[in-house]
Amino acid sequence: MSILEIDVHEHEVWGAIDEVLSSLEECKLNGDGEINIIHGYKHGQVLKNYFRSNKFLAEMAREGFRLKMKDISNQAISSFMLI
């Protein structure tokens with residue numbers, strides 16, 4: 001199973017969401033089972049807090065992507081499995 005990695009740490013929230021949705025479509029097409037979202041954390045918590053929220057998971061589910069959060073020990077990256 002391969003992992004797709006996307007770096008959104010210099011994006012605004014809406015731009016980051018668009019990038020993640022595009023990457024999730026790519027995951028579906030390529031058969032990737034995991035995605036790592038690099039959002040950073042030293043210069044603000046907005047992206048990290050959003051991508052680690054239930055709101056993000058619910059919004060992705062509405063778009064047709066069921067995600068399960070994986071290890072969150074790295075403050076700069078949120079990892080998800082596509083289920």
# chains A, B, ... in the order shown; residues from 1 in each chain; ligands from 1
$ select_by_dssp --residues "range 15-59 of chain A" --states "strand (DSSP E or B)" --output "PyMOL selection string"
chain A and resi 34-38
$ residues_around --residues "Glu19 in chain A" --least-positions-apart "2" --cutoff "12 Å" --atoms "only C-alpha atoms" --output "PyMOL selection string"
chain A and resi 5-17+21-26+37-39
$ write_last_selection --atoms "N, CA, C and O atoms" --output "mmCIF file, in the first residue's frame"
data_model
loop_
_atom_site.group_PDB
_atom_site.id
_atom_site.type_symbol
_atom_site.label_atom_id
_atom_site.label_comp_id
_atom_site.auth_asym_id
_atom_site.auth_seq_id
_atom_site.Cartn_x
_atom_site.Cartn_y
_atom_site.Cartn_z
ATOM 1 N N GLU A 5 1.750 11.927 -0.135
ATOM 2 C CA GLU A 5 2.082 13.008 0.780
ATOM 3 C C GLU A 5 1.782 14.335 0.102
ATOM 4 O O GLU A 5 2.128 14.523 -1.066
ATOM 5 N N ILE A 6 1.141 15.243 0.842
ATOM 6 C CA ILE A 6 0.802 16.556 0.304
ATOM 7 C C ILE A 6 1.224 17.615 1.316
ATOM 8 O O ILE A 6 0.973 17.472 2.508
ATOM 9 N N ASP A 7 1.866 18.669 0.833
ATOM 10 C CA ASP A 7 2.345 19.753 1.690
ATOM 11 C C ASP A 7 1.452 20.976 1.481
ATOM 12 O O ASP A 7 1.429 21.551 0.401
ATOM 13 N N VAL A 8 0.724 21.349 2.530
ATOM 14 C CA VAL A 8 -0.194 22.489 2.441
ATOM 15 C C VAL A 8 0.137 23.564 3.473
ATOM 16 O O VAL A 8 -0.663 24.468 3.703
ATOM 17 N N HIS A 9 1.307 23.500 4.069
ATOM 18 C CA HIS A 9 1.572 24.353 5.226
ATOM 19 C C HIS A 9 1.666 25.839 4.927
ATOM 20 O O HIS A 9 1.613 26.631 5.843
ATOM 21 N N GLU A 10 1.738 26.243 3.695
ATOM 22 C CA GLU A 10 1.740 27.673 3.385
ATOM 23 C C GLU A 10 0.427 28.130 2.753
ATOM 24 O O GLU A 10 0.332 29.235 2.247
ATOM 25 N N HIS A 11 -0.596 27.294 2.813
ATOM 26 C CA HIS A 11 -1.903 27.607 2.235
ATOM 27 C C HIS A 11 -2.838 28.201 3.273
ATOM 28 O O HIS A 11 -2.696 27.976 4.468
ATOM 29 N N GLU A 12 -3.837 28.924 2.785
ATOM 30 C CA GLU A 12 -4.981 29.304 3.610
ATOM 31 C C GLU A 12 -5.847 28.050 3.760
ATOM 32 O O GLU A 12 -5.708 27.098 2.988
ATOM 33 N N VAL A 13 -6.756 28.049 4.711
ATOM 34 C CA VAL A 13 -7.558 26.848 4.978
ATOM 35 C C VAL A 13 -8.290 26.369 3.731
ATOM 36 O O VAL A 13 -8.218 25.189 3.381
ATOM 37 N N TRP A 14 -8.993 27.272 3.031
ATOM 38 C CA TRP A 14 -9.786 26.836 1.867
ATOM 39 C C TRP A 14 -8.903 26.313 0.748
ATOM 40 O O TRP A 14 -9.258 25.347 0.075
ATOM 41 N N GLY A 15 -7.752 26.936 0.537
ATOM 42 C CA GLY A 15 -6.816 26.438 -0.468
ATOM 43 C C GLY A 15 -6.277 25.074 -0.093
ATOM 44 O O GLY A 15 -6.123 24.191 -0.944
ATOM 45 N N ALA A 16 -6.002 24.882 1.198
ATOM 46 C CA ALA A 16 -5.507 23.586 1.673
ATOM 47 C C ALA A 16 -6.564 22.504 1.478
ATOM 48 O O ALA A 16 -6.248 21.385 1.061
ATOM 49 N N ILE A 17 -7.823 22.836 1.765
ATOM 50 C CA ILE A 17 -8.910 21.866 1.581
ATOM 51 C C ILE A 17 -9.001 21.454 0.113
ATOM 52 O O ILE A 17 -9.137 20.265 -0.198
ATOM 53 N N LEU A 21 -8.559 17.651 -1.245
ATOM 54 C CA LEU A 21 -9.587 16.972 -2.044
ATOM 55 C C LEU A 21 -9.024 16.467 -3.362
ATOM 56 O O LEU A 21 -9.313 15.344 -3.778
ATOM 57 N N SER A 22 -8.228 17.287 -4.013
ATOM 58 C CA SER A 22 -7.593 16.878 -5.263
ATOM 59 C C SER A 22 -6.675 15.673 -5.030
ATOM 60 O O SER A 22 -6.667 14.722 -5.820
ATOM 61 N N SER A 23 -5.945 15.704 -3.946
ATOM 62 C CA SER A 23 -5.041 14.592 -3.633
ATOM 63 C C SER A 23 -5.802 13.324 -3.277
ATOM 64 O O SER A 23 -5.369 12.222 -3.614
ATOM 65 N N LEU A 24 -6.943 13.471 -2.608
ATOM 66 C CA LEU A 24 -7.750 12.295 -2.299
ATOM 67 C C LEU A 24 -8.300 11.659 -3.571
ATOM 68 O O LEU A 24 -8.377 10.432 -3.672
ATOM 69 N N GLU A 25 -8.678 12.489 -4.540
ATOM 70 C CA GLU A 25 -9.099 11.947 -5.846
ATOM 71 C C GLU A 25 -7.957 11.164 -6.482
ATOM 72 O O GLU A 25 -8.162 10.086 -7.034
ATOM 73 N N GLU A 26 -6.751 11.716 -6.392
ATOM 74 C CA GLU A 26 -5.563 11.038 -6.925
ATOM 75 C C GLU A 26 -5.332 9.715 -6.198
ATOM 76 O O GLU A 26 -5.002 8.706 -6.825
ATOM 77 N N ILE A 37 -0.807 14.575 5.327
ATOM 78 C CA ILE A 37 -1.005 15.997 5.071
ATOM 79 C C ILE A 37 0.003 16.763 5.921
ATOM 80 O O ILE A 37 -0.066 16.742 7.151
ATOM 81 N N ILE A 38 0.953 17.404 5.254
ATOM 82 C CA ILE A 38 1.957 18.203 5.950
ATOM 83 C C ILE A 38 1.389 19.607 6.093
ATOM 84 O O ILE A 38 1.187 20.295 5.106
ATOM 85 N N HIS A 39 1.115 20.000 7.320
ATOM 86 C CA HIS A 39 0.478 21.298 7.557
ATOM 87 C C HIS A 39 1.323 22.215 8.425
ATOM 88 O O HIS A 39 1.019 23.384 8.556
#
$ residues_around --residues "range 71-75 of chain A" --least-positions-apart "4" --cutoff "8 Å" --atoms "only C-alpha atoms" --output "ChimeraX atom specification"
/A:40-41,48,79
$ closest_residue --among "A:Lys28, A:Gly44, A:Ala58, A:Asn49" --to "Leu82 in chain A" --atoms "only C-alpha atoms"
A:Lys28
$ select_by_dssp --residues "chain A" --states "alpha helix (DSSP H)" --output "number ranges by chain"
A: 13-30, 46-51, 54-62
$ atom_distance --atom1 "CA of Leu67 in chain A" --atom2 "CA of Gln45 in chain A"
21.0 Å
$ closest_residue --among "A:Phe51, A:Phe80, A:Phe56, A:Phe65" --to "Leu4 in chain A" --atoms "only C-alpha atoms"
A:Phe80
$ decode --residues "range 19-34 of chain A" --atoms "all heavy atoms" --output "PDB file, in the first residue's frame"
ATOM      1  N   GLU A  19      -6.644  21.458  -2.123  1.00  0.00           N
ATOM      2  CA  GLU A  19      -5.479  20.615  -2.435  1.00  0.00           C
ATOM      3  C   GLU A  19      -5.668  19.193  -1.901  1.00  0.00           C
ATOM      4  O   GLU A  19      -5.340  18.219  -2.572  1.00  0.00           O
ATOM      5  CB  GLU A  19      -4.205  21.223  -1.845  1.00  0.00           C
ATOM      6  CG  GLU A  19      -3.751  22.488  -2.532  1.00  0.00           C
ATOM      7  CD  GLU A  19      -3.254  22.247  -3.945  1.00  0.00           C
ATOM      8  OE1 GLU A  19      -2.603  21.211  -4.193  1.00  0.00           O
ATOM      9  OE2 GLU A  19      -3.518  23.108  -4.800  1.00  0.00           O
ATOM     10  N   VAL A  20      -6.193  19.093  -0.685  1.00  0.00           N
ATOM     11  CA  VAL A  20      -6.409  17.774  -0.088  1.00  0.00           C
ATOM     12  C   VAL A  20      -7.470  17.002  -0.866  1.00  0.00           C
ATOM     13  O   VAL A  20      -7.297  15.812  -1.152  1.00  0.00           O
ATOM     14  CB  VAL A  20      -6.778  17.897   1.405  1.00  0.00           C
ATOM     15  CG1 VAL A  20      -7.290  16.582   1.965  1.00  0.00           C
ATOM     16  CG2 VAL A  20      -5.571  18.389   2.204  1.00  0.00           C
ATOM     17  N   LEU A  21      -8.559  17.651  -1.245  1.00  0.00           N
ATOM     18  CA  LEU A  21      -9.587  16.972  -2.044  1.00  0.00           C
ATOM     19  C   LEU A  21      -9.024  16.467  -3.362  1.00  0.00           C
ATOM     20  O   LEU A  21      -9.313  15.344  -3.778  1.00  0.00           O
ATOM     21  CB  LEU A  21     -10.780  17.899  -2.284  1.00  0.00           C
ATOM     22  CG  LEU A  21     -11.715  18.074  -1.100  1.00  0.00           C
ATOM     23  CD1 LEU A  21     -12.705  19.207  -1.374  1.00  0.00           C
ATOM     24  CD2 LEU A  21     -12.448  16.783  -0.795  1.00  0.00           C
ATOM     25  N   SER A  22      -8.228  17.287  -4.013  1.00  0.00           N
ATOM     26  CA  SER A  22      -7.593  16.878  -5.263  1.00  0.00           C
ATOM     27  C   SER A  22      -6.675  15.673  -5.030  1.00  0.00           C
ATOM     28  O   SER A  22      -6.667  14.722  -5.820  1.00  0.00           O
ATOM     29  CB  SER A  22      -6.808  18.055  -5.843  1.00  0.00           C
ATOM     30  OG  SER A  22      -6.129  17.679  -6.996  1.00  0.00           O
ATOM     31  N   SER A  23      -5.945  15.704  -3.946  1.00  0.00           N
ATOM     32  CA  SER A  23      -5.041  14.592  -3.633  1.00  0.00           C
ATOM     33  C   SER A  23      -5.802  13.324  -3.277  1.00  0.00           C
ATOM     34  O   SER A  23      -5.369  12.222  -3.614  1.00  0.00           O
ATOM     35  CB  SER A  23      -4.108  14.983  -2.487  1.00  0.00           C
ATOM     36  OG  SER A  23      -3.251  16.010  -2.896  1.00  0.00           O
ATOM     37  N   LEU A  24      -6.943  13.471  -2.608  1.00  0.00           N
ATOM     38  CA  LEU A  24      -7.750  12.295  -2.299  1.00  0.00           C
ATOM     39  C   LEU A  24      -8.300  11.659  -3.571  1.00  0.00           C
ATOM     40  O   LEU A  24      -8.377  10.432  -3.672  1.00  0.00           O
ATOM     41  CB  LEU A  24      -8.874  12.664  -1.329  1.00  0.00           C
ATOM     42  CG  LEU A  24      -8.419  12.923   0.108  1.00  0.00           C
ATOM     43  CD1 LEU A  24      -9.553  13.544   0.925  1.00  0.00           C
ATOM     44  CD2 LEU A  24      -7.929  11.642   0.765  1.00  0.00           C
ATOM     45  N   GLU A  25      -8.678  12.489  -4.540  1.00  0.00           N
ATOM     46  CA  GLU A  25      -9.099  11.947  -5.846  1.00  0.00           C
ATOM     47  C   GLU A  25      -7.957  11.164  -6.482  1.00  0.00           C
ATOM     48  O   GLU A  25      -8.162  10.086  -7.034  1.00  0.00           O
ATOM     49  CB  GLU A  25      -9.541  13.078  -6.776  1.00  0.00           C
ATOM     50  CG  GLU A  25     -10.869  13.686  -6.435  1.00  0.00           C
ATOM     51  CD  GLU A  25     -12.048  12.748  -6.693  1.00  0.00           C
ATOM     52  OE1 GLU A  25     -11.916  11.758  -7.430  1.00  0.00           O
ATOM     53  OE2 GLU A  25     -13.117  13.030  -6.127  1.00  0.00           O
ATOM     54  N   GLU A  26      -6.751  11.716  -6.392  1.00  0.00           N
ATOM     55  CA  GLU A  26      -5.563  11.038  -6.925  1.00  0.00           C
ATOM     56  C   GLU A  26      -5.332   9.715  -6.198  1.00  0.00           C
ATOM     57  O   GLU A  26      -5.002   8.706  -6.825  1.00  0.00           O
ATOM     58  CB  GLU A  26      -4.344  11.951  -6.776  1.00  0.00           C
ATOM     59  CG  GLU A  26      -3.107  11.422  -7.435  1.00  0.00           C
ATOM     60  CD  GLU A  26      -1.931  12.378  -7.306  1.00  0.00           C
ATOM     61  OE1 GLU A  26      -2.131  13.615  -7.237  1.00  0.00           O
ATOM     62  OE2 GLU A  26      -0.799  11.877  -7.266  1.00  0.00           O
ATOM     63  N   CYS A  27      -5.522   9.707  -4.881  1.00  0.00           N
ATOM     64  CA  CYS A  27      -5.380   8.473  -4.105  1.00  0.00           C
ATOM     65  C   CYS A  27      -6.341   7.404  -4.620  1.00  0.00           C
ATOM     66  O   CYS A  27      -5.966   6.241  -4.774  1.00  0.00           O
ATOM     67  CB  CYS A  27      -5.671   8.729  -2.625  1.00  0.00           C
ATOM     68  SG  CYS A  27      -4.356   9.501  -1.703  1.00  0.00           S
ATOM     69  N   LYS A  28      -7.582   7.809  -4.864  1.00  0.00           N
ATOM     70  CA  LYS A  28      -8.587   6.868  -5.374  1.00  0.00           C
ATOM     71  C   LYS A  28      -8.153   6.277  -6.708  1.00  0.00           C
ATOM     72  O   LYS A  28      -8.222   5.076  -6.922  1.00  0.00           O
ATOM     73  CB  LYS A  28      -9.925   7.592  -5.547  1.00  0.00           C
ATOM     74  CG  LYS A  28     -10.980   7.225  -4.576  1.00  0.00           C
ATOM     75  CD  LYS A  28     -12.293   7.870  -5.001  1.00  0.00           C
ATOM     76  CE  LYS A  28     -13.324   7.738  -3.927  1.00  0.00           C
ATOM     77  NZ  LYS A  28     -14.573   8.400  -4.262  1.00  0.00           N
ATOM     78  N   LEU A  29      -7.702   7.155  -7.609  1.00  0.00           N
ATOM     79  CA  LEU A  29      -7.308   6.700  -8.939  1.00  0.00           C
ATOM     80  C   LEU A  29      -6.093   5.792  -8.909  1.00  0.00           C
ATOM     81  O   LEU A  29      -6.012   4.822  -9.662  1.00  0.00           O
ATOM     82  CB  LEU A  29      -7.033   7.905  -9.844  1.00  0.00           C
ATOM     83  CG  LEU A  29      -8.229   8.767 -10.204  1.00  0.00           C
ATOM     84  CD1 LEU A  29      -7.782  10.018 -10.952  1.00  0.00           C
ATOM     85  CD2 LEU A  29      -9.239   7.977 -11.031  1.00  0.00           C
ATOM     86  N   ASN A  30      -5.138   6.099  -8.047  1.00  0.00           N
ATOM     87  CA  ASN A  30      -3.886   5.339  -7.983  1.00  0.00           C
ATOM     88  C   ASN A  30      -3.954   4.142  -7.048  1.00  0.00           C
ATOM     89  O   ASN A  30      -3.013   3.353  -6.990  1.00  0.00           O
ATOM     90  CB  ASN A  30      -2.731   6.244  -7.534  1.00  0.00           C
ATOM     91  CG  ASN A  30      -2.434   7.325  -8.537  1.00  0.00           C
ATOM     92  OD1 ASN A  30      -2.760   7.212  -9.713  1.00  0.00           O
ATOM     93  ND2 ASN A  30      -1.816   8.392  -8.068  1.00  0.00           N
ATOM     94  N   GLY A  31      -5.032   4.033  -6.294  1.00  0.00           N
ATOM     95  CA  GLY A  31      -5.156   2.939  -5.347  1.00  0.00           C
ATOM     96  C   GLY A  31      -4.320   3.132  -4.087  1.00  0.00           C
ATOM     97  O   GLY A  31      -4.026   2.169  -3.388  1.00  0.00           O
ATOM     98  N   ASP A  32      -3.925   4.384  -3.815  1.00  0.00           N
ATOM     99  CA  ASP A  32      -3.181   4.660  -2.589  1.00  0.00           C
ATOM    100  C   ASP A  32      -4.121   4.504  -1.407  1.00  0.00           C
ATOM    101  O   ASP A  32      -5.275   4.921  -1.459  1.00  0.00           O
ATOM    102  CB  ASP A  32      -2.612   6.091  -2.587  1.00  0.00           C
ATOM    103  CG  ASP A  32      -1.606   6.320  -3.704  1.00  0.00           C
ATOM    104  OD1 ASP A  32      -0.880   5.368  -4.040  1.00  0.00           O
ATOM    105  OD2 ASP A  32      -1.547   7.446  -4.218  1.00  0.00           O
ATOM    106  N   GLY A  33      -3.623   3.932  -0.331  1.00  0.00           N
ATOM    107  CA  GLY A  33      -4.467   3.692   0.822  1.00  0.00           C
ATOM    108  C   GLY A  33      -4.272   4.659   1.960  1.00  0.00           C
ATOM    109  O   GLY A  33      -5.013   4.638   2.936  1.00  0.00           O
ATOM    110  N   GLU A  34      -3.249   5.511   1.838  1.00  0.00           N
ATOM    111  CA  GLU A  34      -2.969   6.445   2.922  1.00  0.00           C
ATOM    112  C   GLU A  34      -2.558   7.795   2.354  1.00  0.00           C
ATOM    113  O   GLU A  34      -2.037   7.889   1.250  1.00  0.00           O
ATOM    114  CB  GLU A  34      -1.834   5.925   3.810  1.00  0.00           C
ATOM    115  CG  GLU A  34      -2.149   4.625   4.498  1.00  0.00           C
ATOM    116  CD  GLU A  34      -1.026   4.148   5.386  1.00  0.00           C
ATOM    117  OE1 GLU A  34      -0.234   4.983   5.875  1.00  0.00           O
ATOM    118  OE2 GLU A  34      -0.946   2.932   5.604  1.00  0.00           O
TER     119      GLU A  34
END
